[in-house]
Amino acid sequence: MQETSLRARILPKVFIFLKVISIIFCLSHFIFSIIFFVQRTYLFSLYNIFSTIFYAALCFSLTHLTSRNTKAVANLLTHITVELSIFITVSLLLVGSPSGFQHYIYGIFIFIMFENYLSSNTTKSILLIVFSCVCTLVPSLLLYYIDSYYTFNNSLASSFNTINPLVVIALFISYIFIFGSIVTQFEEDILYQAYHDKLTGLNNRTLLNRVFFSKNETFVAILDIDDFKKVNDTWGHDAGDLVLRHLSKILTLEIRANSELEVMRWGGEEFVLIYNGSNNFLDIVNAVRDDILQSYVDINSRHLTYHVTIGVADYIDGNDIEELIKVADERLYIGKKTGKNKIVYKG
């Protein structure tokens with residue numbers, strides 16, 4: 001299934017986050033295994049060796065994945081959640097709560113939130129939350145009645161109790177940055193969809209009220225594809241879409257050549273061009289028409305050609321953009337009635 005544009009852009013950031021976390025956790029557990037071995041807490045040292053192997057395997061698997069593999073990335077987040085939950089249980093039972101490993105429960109929620117965003121599986125996320133809470137609460141309650149397996153060095157325990165919350169805070173900061181990016185790009189997507197035509201990528205008529213009007217230099221043209229219904233009926237609607245995209249590419253190139261040119265898909269096969277610049281607008285319109293006449297749309301190795309009729313109005317024809325569009329539309333209608341494939345201006 002193809003990803004939405006938003007998720008496709010966010011997923012690489014989560015993927016990079018996972019890579020960094022996997023490397024950090026792999027190194028951390030390796031260091032933990034050495035520290036706890038020196039402290040003669042051999043069982044905990046052994047568990048950290050297993051965790052080191054787990055995150056090393058995770059790093060290896062990430063090198064064989066792409067950031068587009070949403071399901072696989074979500075599964076890796078699930079594996080990290082489960083491993084951290086078990087790690088909390090083991091650490092509490094073996095070295096007790098003074099070392100602060102129980103604080104990782106808050107960091108686990110970050111991985112669950114990312115996992116839920118990617119998989120959209122609320123049931124699974126709830127189960128992970130319940131599992132993580134049980135892995136934290138049950139050994140914490142047991143420690144009220146039993147002692148941890150090892151009596152840990154107080155100064156070292158105090159150091160861990162300081163470092164572990166800081167690690168969790170760092171995870172939250174990372175989440176805030178990534179989540180902020182998600183919100184920002186979501187807003188950008190909404191705005192883009194509101195002001196742009198989905199098929200062609202050009203501006204839509206919603207942006208009309210943002211276009212500058214000058215009583216001394218504004219020109220407007222309405223461009224309509226001739227016999228577009230015949231194109232759809234003969235070649236199919238997919239071919240019609242290709243024609244619209246082809247025309248939008250020509251118009252986009254003209255925008256790049258003339259920065260003061262605004263182009264909007266007005267609706268159906270109609271496009272509006274608005275110009276507030278020093279170049280001759282009729283030259284721009286003629287260039288668009290000539291580019292259309294000299295090109296074709298390739299459909300299954302067959303060449304589909306088409307032409308357009310254009311009505312043009314200038315700043316003398318009205319007091320605002322809407323009036324110019326109305327005049328240009330009337331001239332477009334004249335062009336359609338008098339043979340099509342032409343530009344109709346004054347006279």
# chains A, B, ... in the order shown; residues from 1 in each chain; ligands from 1
>>> residues_around(residues="segment 313-321 of chain A", least_positions_apart="3", cutoff="9 Å", atoms="only C-alpha atoms", output="list of chain:residue names")
A:Leu208, A:Asn209, A:Val211, A:Phe212, A:Phe213, A:Ser214, A:Lys215, A:Asn216, A:Glu217, A:Thr218, A:Phe219, A:Val220, A:Ala221, A:Ile222, A:Ile274, A:Leu324, A:Ile325, A:Lys326, A:Val327, A:Ala328, A:Asp329, A:Arg331, A:Val344, A:Tyr345, A:Lys346
>>> residues_around(residues="segment 54-64 of chain A", least_positions_apart="5", cutoff="8 Å", atoms="only C-alpha atoms", output="list in words")
Lys19, Ser22, Ile23, Phe25, Cys26 and Leu76 of chain A
>>> write_last_selection(atoms="N, CA and C atoms", output="PDB file, in the first residue's frame")
ATOM      1  N   LYS A  19      17.664   4.213  14.307  1.00  0.00           N
ATOM      2  CA  LYS A  19      19.069   3.865  14.105  1.00  0.00           C
ATOM      3  C   LYS A  19      19.934   4.407  15.241  1.00  0.00           C
ATOM      4  N   SER A  22      19.143   2.612  18.552  1.00  0.00           N
ATOM      5  CA  SER A  22      19.660   1.241  18.567  1.00  0.00           C
ATOM      6  C   SER A  22      21.158   1.222  18.854  1.00  0.00           C
ATOM      7  N   ILE A  23      21.895   2.148  18.229  1.00  0.00           N
ATOM      8  CA  ILE A  23      23.342   2.217  18.458  1.00  0.00           C
ATOM      9  C   ILE A  23      23.641   2.622  19.901  1.00  0.00           C
ATOM     10  N   PHE A  25      21.668   2.345  22.571  1.00  0.00           N
ATOM     11  CA  PHE A  25      21.265   1.282  23.510  1.00  0.00           C
ATOM     12  C   PHE A  25      22.230   0.105  23.454  1.00  0.00           C
ATOM     13  N   CYS A  26      22.727  -0.205  22.268  1.00  0.00           N
ATOM     14  CA  CYS A  26      23.684  -1.308  22.130  1.00  0.00           C
ATOM     15  C   CYS A  26      24.959  -1.003  22.919  1.00  0.00           C
ATOM     16  N   LEU A  76       9.792  -3.129  14.670  1.00  0.00           N
ATOM     17  CA  LEU A  76      11.018  -2.888  15.428  1.00  0.00           C
ATOM     18  C   LEU A  76      10.731  -2.056  16.677  1.00  0.00           C
TER      19      LEU A  76
END
>>> residues_around(residues="segment 233-240 of chain A", least_positions_apart="5", cutoff="9 Å", atoms="only C-alpha atoms", output="JSON, numbers by chain")
{"A": [228, 245, 297, 299, 304]}
>>> residues_around(residues="His79 of chain A", least_positions_apart="4", cutoff="10 Å", atoms="only C-alpha atoms", output="ChimeraX atom specification")
/A:54-55,58,73-75,83-85,111
>>> write_last_selection(atoms="C-alpha atoms", output="PDB file, in the first residue's frame")
ATOM      1  CA  PHE A  54      19.514  -7.757  20.747  1.00  0.00           C
ATOM      2  CA  TYR A  55      20.327  -4.150  19.807  1.00  0.00           C
ATOM      3  CA  LEU A  58      18.461  -4.547  15.553  1.00  0.00           C
ATOM      4  CA  VAL A  73       9.752  -0.164  11.300  1.00  0.00           C
ATOM      5  CA  ALA A  74       6.605  -0.417  13.442  1.00  0.00           C
ATOM      6  CA  ASN A  75       7.536  -4.004  14.373  1.00  0.00           C
ATOM      7  CA  GLU A  83      12.759  -5.463  25.482  1.00  0.00           C
ATOM      8  CA  LEU A  84      12.696  -2.293  27.582  1.00  0.00           C
ATOM      9  CA  SER A  85       9.723  -3.563  29.573  1.00  0.00           C
ATOM     10  CA  PHE A 111       8.200   4.173  21.311  1.00  0.00           C
TER      11      PHE A 111
END
>>> closest_residue(among="A:Tyr104, A:Tyr150, A:Tyr117, A:Phe131", to="Ile163 of chain A", atoms="only C-alpha atoms")
A:Tyr104
>>> select_by_dssp(residues="segment 135-317 of chain A", states="helix (DSSP H, G or I)", output="JSON, numbers by chain")
{"A": [135, 136, 137, 138, 139, 140, 141, 142, 154, 155, 156, 157, 158, 159, 160, 161, 162, 163, 164, 165, 166, 167, 168, 169, 170, 171, 172, 173, 174, 175, 176, 177, 178, 179, 180, 181, 182, 183, 184, 185, 186, 187, 188, 189, 190, 191, 192, 193, 194, 195, 205, 206, 207, 208, 209, 210, 228, 229, 230, 231, 232, 233, 234, 235, 237, 238, 239, 240, 241, 242, 243, 244, 245, 246, 247, 248, 249, 250, 251, 252, 253, 254, 255, 256, 257, 281, 282, 283, 284, 285, 286, 287, 288, 289, 290, 291, 292, 293, 315, 316, 317]}
>>> write_last_selection(atoms="C-alpha atoms", output="mmCIF file, in the first residue's frame")
data_model
loop_
_atom_site.group_PDB
_atom_site.id
_atom_site.type_symbol
_atom_site.label_atom_id
_atom_site.label_comp_id
_atom_site.auth_asym_id
_atom_site.auth_seq_id
_atom_site.Cartn_x
_atom_site.Cartn_y
_atom_site.Cartn_z
ATOM 1 C CA CYS A 135 6.401 -5.127 33.928
ATOM 2 C CA THR A 136 7.049 -2.026 36.019
ATOM 3 C CA LEU A 137 4.348 -2.189 38.690
ATOM 4 C CA VAL A 138 4.539 -5.889 39.604
ATOM 5 C CA PRO A 139 8.267 -5.953 40.522
ATOM 6 C CA SER A 140 7.903 -2.539 42.205
ATOM 7 C CA LEU A 141 5.175 -3.957 44.456
ATOM 8 C CA LEU A 142 7.180 -7.094 45.117
ATOM 9 C CA ASN A 154 25.024 3.186 46.863
ATOM 10 C CA SER A 155 27.181 5.728 45.033
ATOM 11 C CA LEU A 156 26.876 3.831 41.750
ATOM 12 C CA ALA A 157 23.148 3.393 42.278
ATOM 13 C CA SER A 158 22.837 7.128 42.867
ATOM 14 C CA SER A 159 24.719 7.817 39.620
ATOM 15 C CA PHE A 160 22.397 5.558 37.661
ATOM 16 C CA ASN A 161 19.396 7.158 39.370
ATOM 17 C CA THR A 162 20.568 10.492 37.955
ATOM 18 C CA ILE A 163 21.609 9.299 34.508
ATOM 19 C CA ASN A 164 18.532 7.198 33.720
ATOM 20 C CA PRO A 165 15.975 10.046 34.083
ATOM 21 C CA LEU A 166 18.231 12.222 31.931
ATOM 22 C CA VAL A 167 18.162 9.551 29.214
ATOM 23 C CA VAL A 168 14.358 9.511 29.379
ATOM 24 C CA ILE A 169 14.267 13.319 29.145
ATOM 25 C CA ALA A 170 16.497 13.106 26.052
ATOM 26 C CA LEU A 171 14.024 10.649 24.524
ATOM 27 C CA PHE A 172 11.160 13.062 25.184
ATOM 28 C CA ILE A 173 13.095 15.942 23.630
ATOM 29 C CA SER A 174 13.687 13.797 20.532
ATOM 30 C CA TYR A 175 9.989 12.974 20.425
ATOM 31 C CA ILE A 176 9.042 16.652 20.723
ATOM 32 C CA PHE A 177 11.270 17.568 17.784
ATOM 33 C CA ILE A 178 9.918 14.763 15.598
ATOM 34 C CA PHE A 179 6.310 15.363 16.670
ATOM 35 C CA GLY A 180 6.788 19.076 15.992
ATOM 36 C CA SER A 181 7.943 18.153 12.507
ATOM 37 C CA ILE A 182 4.853 15.970 12.064
ATOM 38 C CA VAL A 183 2.535 18.822 13.054
ATOM 39 C CA THR A 184 4.367 21.353 10.881
ATOM 40 C CA GLN A 185 4.311 19.120 7.817
ATOM 41 C CA PHE A 186 0.661 18.230 8.474
ATOM 42 C CA GLU A 187 -0.181 21.935 8.423
ATOM 43 C CA GLU A 188 1.869 22.392 5.253
ATOM 44 C CA ASP A 189 0.013 19.505 3.614
ATOM 45 C CA ILE A 190 -3.376 20.926 4.577
ATOM 46 C CA LEU A 191 -2.451 24.365 3.236
ATOM 47 C CA TYR A 192 -1.004 22.880 0.056
ATOM 48 C CA GLN A 193 -4.138 20.816 -0.575
ATOM 49 C CA ALA A 194 -6.324 23.855 0.119
ATOM 50 C CA TYR A 195 -4.554 26.077 -2.403
ATOM 51 C CA ARG A 205 -8.963 29.428 -7.698
ATOM 52 C CA THR A 206 -8.881 29.679 -3.887
ATOM 53 C CA LEU A 207 -5.731 31.771 -4.272
ATOM 54 C CA LEU A 208 -7.470 34.340 -6.452
ATOM 55 C CA ASN A 209 -8.025 36.751 -3.549
ATOM 56 C CA ARG A 210 -4.281 36.803 -2.930
ATOM 57 C CA PHE A 228 -11.562 18.146 -24.356
ATOM 58 C CA LYS A 229 -14.723 16.060 -24.035
ATOM 59 C CA LYS A 230 -13.834 14.415 -27.339
ATOM 60 C CA VAL A 231 -10.394 13.571 -25.942
ATOM 61 C CA ASN A 232 -12.005 11.847 -22.950
ATOM 62 C CA ASP A 233 -14.587 10.038 -25.069
ATOM 63 C CA THR A 234 -12.040 8.867 -27.656
ATOM 64 C CA TRP A 235 -8.944 8.196 -25.598
ATOM 65 C CA HIS A 237 -10.369 9.798 -18.944
ATOM 66 C CA ASP A 238 -6.839 8.682 -18.068
ATOM 67 C CA ALA A 239 -5.682 10.216 -21.327
ATOM 68 C CA GLY A 240 -7.575 13.377 -20.438
ATOM 69 C CA ASP A 241 -5.679 13.535 -17.143
ATOM 70 C CA LEU A 242 -2.382 13.133 -19.028
ATOM 71 C CA VAL A 243 -3.328 16.053 -21.263
ATOM 72 C CA LEU A 244 -4.062 18.220 -18.223
ATOM 73 C CA ARG A 245 -0.736 17.274 -16.649
ATOM 74 C CA HIS A 246 1.073 17.922 -19.932
ATOM 75 C CA LEU A 247 -0.452 21.394 -20.162
ATOM 76 C CA SER A 248 0.371 22.094 -16.510
ATOM 77 C CA LYS A 249 4.039 21.284 -17.199
ATOM 78 C CA ILE A 250 4.120 23.787 -20.062
ATOM 79 C CA LEU A 251 2.508 26.412 -17.844
ATOM 80 C CA THR A 252 4.917 25.636 -15.001
ATOM 81 C CA LEU A 253 7.885 26.200 -17.312
ATOM 82 C CA GLU A 254 6.385 29.532 -18.309
ATOM 83 C CA ILE A 255 6.023 30.464 -14.623
ATOM 84 C CA ARG A 256 9.714 29.756 -14.122
ATOM 85 C CA ALA A 257 10.575 32.001 -17.058
ATOM 86 C CA PHE A 281 1.854 39.374 -22.016
ATOM 87 C CA LEU A 282 0.719 38.446 -25.515
ATOM 88 C CA ASP A 283 4.215 37.085 -26.188
ATOM 89 C CA ILE A 284 3.885 34.879 -23.087
ATOM 90 C CA VAL A 285 0.441 33.642 -24.163
ATOM 91 C CA ASN A 286 1.644 32.979 -27.696
ATOM 92 C CA ALA A 287 4.641 31.061 -26.343
ATOM 93 C CA VAL A 288 2.307 28.827 -24.311
ATOM 94 C CA ARG A 289 0.092 28.191 -27.335
ATOM 95 C CA ASP A 290 3.084 27.469 -29.597
ATOM 96 C CA ASP A 291 4.584 25.038 -27.066
ATOM 97 C CA ILE A 292 1.275 23.175 -26.986
ATOM 98 C CA LEU A 293 1.036 23.006 -30.779
ATOM 99 C CA TYR A 315 -6.220 46.380 -16.784
ATOM 100 C CA ILE A 316 -8.354 48.721 -18.915
ATOM 101 C CA ASP A 317 -11.147 46.140 -19.118
#
>>> residues_around(residues="Leu128 of chain A", least_positions_apart="3", cutoff="8 Å", atoms="only C-alpha atoms", output="ChimeraX atom specification")
/A:78,81-82,112,124-125,131-132
>>> select_by_dssp(residues="segment 257-286 of chain A", states="strand (DSSP E or B)", output="ChimeraX atom specification")
/A:261-267,270-275
>>> atom_distance(atom1="atom CA of Phe37 of chain A", atom2="atom CA of His103 of chain A")
22.5 Å
>>> residues_around(residues="Glu260 of chain A", least_positions_apart="3", cutoff="8 Å", atoms="only C-alpha atoms", output="MDAnalysis selection string")
chainID A and resid 255 275:277
>>> atom_distance(atom1="atom CA of Ile49 of chain A", atom2="atom CA of Val134 of chain A")
23.9 Å
>>> closest_residue(among="A:Thr123, A:Tyr296, A:Gly335, A:Ile129", to="Val308 of chain A", atoms="only C-alpha atoms")
A:Gly335
>>> atom_distance(atom1="atom CA of Met264 of chain A", atom2="atom CA of Thr200 of chain A")
9.7 Å
